[in-house]
Amino acid sequence: MGKVTGFLEFQRETIGRRPVAERMNDWFEVYQPLPEDKTKLQGARCMDCGVPFCHTGCPLTNLIPDWNDLAYRGRWKEAIRALHATNNFPEFTSRICPAPCEAACVLGINEPPVSIKTIERAIIDHAWQEGWIKPETPTERTGKRVAVVGSGPAGLAAAQQLARAGHLVTVFEKADRIGGLLRYGIPDFKMEKHHIDRRMEQMKAEGVTFKTNAHIGVDISVKDLRKEFHAVLLAGGAEAPRDLKVPGRQLKGIHFAMEYLPLNNKRNAGDTVPEENWISAEGKNVIIIGGGDTGADCLGTSHRHKAKSIRQFEIMPMPPAERAGSTPWPLWPLMMREESSHEEGGQRHWAILTTEFVGDADGNVRALKAVKVGPAPKFEPIPGSEEEFAADLVLLAMGFVGPVKNGLIEQLGVELDNRGNVKADENYMTSVPGVFTAGDMRRGQSLVVWAMAEGRKAAEGIGEYLKE
Ligand SMILES: Cc1cc2nc3c(=O)[nH]c(=O)nc-3n(C[C@H](O)[C@H](O)[C@H](O)COP(=O)(O)OP(=O)(O)OC[C@H]3O[C@@H](n4cnc5c(N)ncnc54)[C@H](O)[C@@H]3O)c2cc1C
Ligand code: SF4
């Protein structure tokens, strides 16, 4: 454990954020690491509580108390070994995971929880700096070929596990770069993309082949894939966006978040985005519909474009400042959250429903009409609360309804569950023998940490199947 009395002696401290005025003018990560001596003291706050609920809070079941202790003692090499035992890419999770582990930390019952995510980041950053992260090549190859469709966190975690088990893995990605939403979606200011490139190099050395611009079901037939590979993993994400079908939806200037965000990732990567395709918030009144993570990413991006005004709409009422009684410890708390993008400005509106988009003579959106609503599930409009807001860029960030069905899924004929996601058994195998699924494609829109956990479990399922 850390220090017996550490939780009594030291206050919680976490990774900081760079000053708003500075970070608003660049696309670099917003974080400011905690110095090593302070991080070690955070490790000392771990109480060795006996039943570490943080394990169950973390979908990867990271061995948190073990590495908290090792970090406290400055035994960084052992700490990274313990961290990598359950987590392929801690540099991703320690930047963008919402840390359900901390919500489940036993110390969190009556004190601020252990700064688990901050410690995780210190361990992995230390390991990269020291050059301890090397390819882990298998001693024997099985000769079995596995195709992974989709290169998001689910596909990458599965591919690494399978390659290390000796299988010949090819990752197929329809985009021009590897990474899924880590690459195209999550803004650079939350996670810089060199983290993915570095891991790709490691994985290539471990024997993984990456094929980009390879759209399975379009460029490469499902039949050919099945012929060439002993097993296939579907890790194509949940890419079908939820639309807002109200009058005026066809107006110019209304875009899905995932039309807007990837263009910025591309520009930041040095690509030329033709002006006719570019979506800019510069000088505009922006309204983001959707109060979640994706909406916050649109907000931070629009700040950096220098929008004139930005509002973020959410249909749910404003959550309480502290953990709501309906979500007691160790559950993920319903409470108000302030992302880095909120700290940077913009106005948040709660319990509000858009009823119509209003256009100008040229077919461009110029405003939207909205009404305040009562609580879920009815969201009854409140009479007399109608209002019109100026808007010349509207970003729809209302989540995703599941995987895209045409192409890959239809051609394979895999069964879907009642939410429209790909159905799988406890080994992550779909209704088609030898075809597996993991991540958002199986569980619907979720988190990076869940995608990685599912990728690892699906790799186990595939390993067992290949033994038969
Ligand atoms: C804007 C945004 C911000 C987010 N921020 C966070 C965050 O801060 N923290 C967090 O934990 N989660 C966040 N999430 C959620 C998280 O990114 C996802 O849950 C996670 O990436 C899912 O991983 P995945 O591997 O299942 O799928 P994805 O990351 O979606 O990757 C799927 C990949 O499969 C490819 N693909 C699909 N079909 C095919 C095909 N037929 N052939 C070849 N390739 C194909 C796609 O191009 C894509 O690259 C965010 C999501 C969005 C949209
Ligand atoms: S991956 Fe997420 S839930 Fe797991 S220990 Fe890290 S921050 Fe916590």
# chains A, B, ... in the order shown; residues from 1 in each chain; ligands from 1
>>> closest_atom_pairs(of="chain A", to="ligand 2", cutoff="7 Å", atoms="only C-alpha atoms and all ligand atoms", output="tab-separated table")
residue	atom	partner	partner_atom_place_in_ligand_line	distance
A:Gly57	CA	ligand 2	3 (S)	6.1
A:Cys58	CA	ligand 2	3 (S)	3.7
A:Pro59	CA	ligand 2	4 (Fe)	6.2
A:Leu60	CA	ligand 2	4 (Fe)	5.8
A:Thr61	CA	ligand 2	4 (Fe)	6.7
A:Asn62	CA	ligand 2	5 (S)	5.5
A:Ile64	CA	ligand 2	5 (S)	6.4
A:Pro90	CA	ligand 2	1 (S)	6.8
A:Thr93	CA	ligand 2	1 (S)	4.9
A:Ser94	CA	ligand 2	7 (S)	5.4
A:Cys97	CA	ligand 2	2 (Fe)	4.7
A:Pro98	CA	ligand 2	2 (Fe)	6.3
A:Ala99	CA	ligand 2	7 (S)	3.9
A:Pro100	CA	ligand 2	3 (S)	4.7
A:Cys101	CA	ligand 2	8 (Fe)	4.3
A:Glu102	CA	ligand 2	8 (Fe)	6.3
A:Ile116	CA	ligand 2	8 (Fe)	6.1
A:Lys117	CA	ligand 2	7 (S)	4.3
A:Glu120	CA	ligand 2	6 (Fe)	6.3
A:Val449	CA	ligand 2	1 (S)	5.5
>>> residues_around(residues="range 439-442 of chain A", least_positions_apart="3", cutoff="8 Å", atoms="only C-alpha atoms", output="list in words")
Pro153, Ala154, Gly155, Leu234, Ala235, Gly236, Gly237, Ala238, Gly402, Pro403, Asn421, Val422, Lys423, Ala424, Gln445, Ser446, Trp450, Ala451, Met452, Glu454 and Gly455 of chain A
>>> write_last_selection(atoms="all heavy atoms", output="compact mmCIF listing (two decimals), in the first residue's frame")
# COMPACT_ATOMS: atom_id res chain seq x y z
N PRO A 153 -9.68 2.12 -30.60
CA PRO A 153 -9.08 1.48 -29.43
C PRO A 153 -9.43 0.01 -29.28
O PRO A 153 -8.60 -0.78 -28.80
CB PRO A 153 -9.60 2.31 -28.26
CG PRO A 153 -10.70 3.17 -28.82
CD PRO A 153 -10.45 3.31 -30.26
N ALA A 154 -10.63 -0.40 -29.70
CA ALA A 154 -11.01 -1.82 -29.59
C ALA A 154 -10.15 -2.64 -30.54
O ALA A 154 -9.55 -3.66 -30.14
CB ALA A 154 -12.49 -2.00 -29.92
N GLY A 155 -10.07 -2.21 -31.79
CA GLY A 155 -9.29 -2.95 -32.79
C GLY A 155 -7.81 -2.99 -32.44
O GLY A 155 -7.16 -4.03 -32.57
N LEU A 234 -14.80 -7.70 -35.87
CA LEU A 234 -15.47 -6.47 -36.31
C LEU A 234 -15.34 -5.44 -35.19
O LEU A 234 -15.90 -5.61 -34.11
CB LEU A 234 -16.95 -6.74 -36.58
CG LEU A 234 -17.28 -7.91 -37.52
CD1 LEU A 234 -18.80 -8.05 -37.66
CD2 LEU A 234 -16.62 -7.71 -38.88
N ALA A 235 -14.59 -4.39 -35.45
CA ALA A 235 -14.39 -3.32 -34.46
C ALA A 235 -14.58 -1.98 -35.15
O ALA A 235 -13.74 -1.09 -35.06
CB ALA A 235 -13.01 -3.45 -33.83
N GLY A 236 -15.72 -1.89 -35.87
CA GLY A 236 -15.95 -0.73 -36.73
C GLY A 236 -16.65 0.43 -36.05
O GLY A 236 -17.00 1.42 -36.70
N GLY A 237 -16.87 0.36 -34.73
CA GLY A 237 -17.46 1.49 -34.02
C GLY A 237 -18.96 1.63 -34.25
O GLY A 237 -19.60 0.79 -34.91
N ALA A 238 -19.52 2.69 -33.68
CA ALA A 238 -20.96 3.00 -33.80
C ALA A 238 -21.04 4.35 -34.52
O ALA A 238 -21.08 5.39 -33.87
CB ALA A 238 -21.59 3.07 -32.42
N GLY A 402 -25.83 3.64 -33.38
CA GLY A 402 -25.30 2.29 -33.55
C GLY A 402 -24.39 2.20 -34.76
O GLY A 402 -24.07 3.21 -35.38
N PRO A 403 -23.96 0.98 -35.10
CA PRO A 403 -23.07 0.84 -36.25
C PRO A 403 -23.81 1.06 -37.57
O PRO A 403 -25.02 0.91 -37.63
CB PRO A 403 -22.58 -0.61 -36.14
CG PRO A 403 -23.53 -1.31 -35.25
CD PRO A 403 -24.20 -0.29 -34.39
N ASN A 421 -27.10 -3.03 -32.30
CA ASN A 421 -25.65 -3.29 -32.29
C ASN A 421 -25.41 -4.74 -32.67
O ASN A 421 -26.33 -5.56 -32.64
CB ASN A 421 -25.08 -3.01 -30.89
CG ASN A 421 -25.33 -1.58 -30.46
OD1 ASN A 421 -25.16 -0.66 -31.25
ND2 ASN A 421 -25.75 -1.39 -29.22
N VAL A 422 -24.14 -5.05 -32.99
CA VAL A 422 -23.85 -6.43 -33.40
C VAL A 422 -23.88 -7.32 -32.16
O VAL A 422 -23.25 -7.02 -31.13
CB VAL A 422 -22.48 -6.52 -34.11
CG1 VAL A 422 -22.15 -7.96 -34.47
CG2 VAL A 422 -22.47 -5.65 -35.36
N LYS A 423 -24.64 -8.40 -32.25
CA LYS A 423 -24.84 -9.30 -31.10
C LYS A 423 -23.69 -10.28 -31.01
O LYS A 423 -23.20 -10.77 -32.03
CB LYS A 423 -26.15 -10.05 -31.34
CG LYS A 423 -26.71 -10.75 -30.15
CD LYS A 423 -28.10 -11.24 -30.48
CE LYS A 423 -28.56 -12.22 -29.45
NZ LYS A 423 -29.89 -12.71 -29.77
N ALA A 424 -23.26 -10.55 -29.77
CA ALA A 424 -22.17 -11.50 -29.59
C ALA A 424 -22.42 -12.35 -28.35
O ALA A 424 -23.17 -11.94 -27.46
CB ALA A 424 -20.84 -10.75 -29.43
N GLN A 445 -22.38 3.31 -28.55
CA GLN A 445 -21.46 4.41 -28.23
C GLN A 445 -21.04 4.35 -26.77
O GLN A 445 -21.87 4.24 -25.88
CB GLN A 445 -22.19 5.73 -28.49
CG GLN A 445 -21.32 6.92 -28.28
CD GLN A 445 -22.15 8.18 -28.09
OE1 GLN A 445 -23.38 8.13 -28.01
NE2 GLN A 445 -21.49 9.30 -28.01
N SER A 446 -19.73 4.36 -26.52
CA SER A 446 -19.27 4.17 -25.15
C SER A 446 -17.99 4.97 -24.90
O SER A 446 -17.90 6.13 -25.28
CB SER A 446 -19.08 2.68 -24.92
OG SER A 446 -18.75 2.40 -23.60
N TRP A 450 -13.64 1.23 -22.34
CA TRP A 450 -14.50 0.07 -22.60
C TRP A 450 -14.11 -0.61 -23.91
O TRP A 450 -14.10 -1.83 -24.02
CB TRP A 450 -15.97 0.49 -22.64
CG TRP A 450 -16.63 0.42 -21.31
CD1 TRP A 450 -17.09 1.46 -20.56
CD2 TRP A 450 -16.90 -0.77 -20.53
NE1 TRP A 450 -17.62 1.01 -19.38
CE2 TRP A 450 -17.51 -0.35 -19.33
CE3 TRP A 450 -16.67 -2.13 -20.73
CZ2 TRP A 450 -17.91 -1.25 -18.34
CZ3 TRP A 450 -17.07 -3.02 -19.74
CH2 TRP A 450 -17.68 -2.58 -18.56
N ALA A 451 -13.80 0.20 -24.92
CA ALA A 451 -13.41 -0.36 -26.22
C ALA A 451 -12.15 -1.21 -26.05
O ALA A 451 -12.06 -2.33 -26.58
CB ALA A 451 -13.18 0.77 -27.22
N MET A 452 -11.19 -0.69 -25.30
CA MET A 452 -9.95 -1.45 -25.09
C MET A 452 -10.21 -2.73 -24.30
O MET A 452 -9.68 -3.80 -24.62
CB MET A 452 -8.91 -0.57 -24.38
CG MET A 452 -8.28 0.43 -25.33
SD MET A 452 -7.35 1.73 -24.49
CE MET A 452 -6.35 0.84 -23.37
N GLU A 454 -12.97 -4.43 -24.21
CA GLU A 454 -13.66 -5.38 -25.08
C GLU A 454 -12.71 -5.98 -26.11
O GLU A 454 -12.80 -7.16 -26.43
CB GLU A 454 -14.82 -4.68 -25.80
CG GLU A 454 -15.91 -4.23 -24.86
CD GLU A 454 -17.30 -4.53 -25.37
OE1 GLU A 454 -17.44 -4.77 -26.58
OE2 GLU A 454 -18.23 -4.53 -24.56
N GLY A 455 -11.81 -5.15 -26.64
CA GLY A 455 -10.82 -5.65 -27.60
C GLY A 455 -9.98 -6.76 -26.99
O GLY A 455 -9.72 -7.78 -27.62
>>> residues_around(residues="Ala214 in chain A", least_positions_apart="4", cutoff="7 Å", atoms="only C-alpha atoms", output="CSV table (one decimal) with N, CA and C atoms, in the first residue's frame")
chain,number,residue,atom,x,y,z
A,172,PHE,N,-7.5,-3.6,-40.8
A,172,PHE,CA,-8.1,-2.9,-42.0
A,172,PHE,C,-8.8,-1.7,-41.5
A,173,GLU,N,-8.5,-0.5,-42.1
A,173,GLU,CA,-9.1,0.7,-41.7
A,173,GLU,C,-9.5,1.5,-43.0
A,174,LYS,N,-10.8,1.9,-43.0
A,174,LYS,CA,-11.3,2.6,-44.1
A,174,LYS,C,-10.8,4.1,-44.2
A,219,ASP,N,-14.3,-1.7,-50.6
A,219,ASP,CA,-13.0,-1.9,-51.4
A,219,ASP,C,-12.6,-3.4,-51.4
A,220,ILE,N,-12.9,-4.0,-50.3
A,220,ILE,CA,-12.5,-5.5,-50.1
A,220,ILE,C,-13.8,-6.2,-49.7
>>> closest_residue(among="A:Asp125, A:Asp417, A:Asp297, A:Glu338", to="ligand 1", atoms="only C-alpha atoms and all ligand atoms")
A:Asp297
>>> select_by_dssp(residues="range 251-424 of chain A", states="strand (DSSP E)", output="PyMOL selection string")
chain A and resi 254-256+285-289+309-313+347-349+352-359+365-372+387-390+393-396+400-402
>>> select_by_dssp(residues="range 75-230 of chain A", states="alpha helix (DSSP H)", output="ChimeraX atom specification")
/A:76-84,90-96,100-104,116-129,153-164,194-205,222-228
>>> residues_around(residues="range 349-366 of chain A", least_positions_apart="4", cutoff="10 Å", atoms="only C-alpha atoms", output="ChimeraX atom specification")
/A:244-254,285,289-291,311-319,370-376,379-382,385-394
>>> residues_around(residues="range 35-39 of chain A", least_positions_apart="3", cutoff="8 Å", atoms="only C-alpha atoms", output="number ranges by chain")
A: 13, 42-43, 71-72, 118-119, 122
>>> closest_residue(among="A:Pro320, A:Pro377, A:Gly270, A:Gly399", to="ligand 1", atoms="only C-alpha atoms and all ligand atoms")
A:Gly399
>>> closest_residue(among="A:Ile109, A:Val208, A:Ala231, A:Ala281", to="Gly166 in chain A", atoms="only C-alpha atoms")
A:Val208
>>> closest_residue(among="A:Lys77, A:Phe229, A:Leu181, A:Leu331", to="Gln129 in chain A", atoms="only C-alpha atoms")
A:Lys77
>>> residues_around(residues="range 137-149 of chain A", least_positions_apart="5", cutoff="9 Å", atoms="only C-alpha atoms", output="PyMOL selection string")
chain A and resi 155-156+158-159+162-174+205-207+215-216+225-226+228-236+462+466
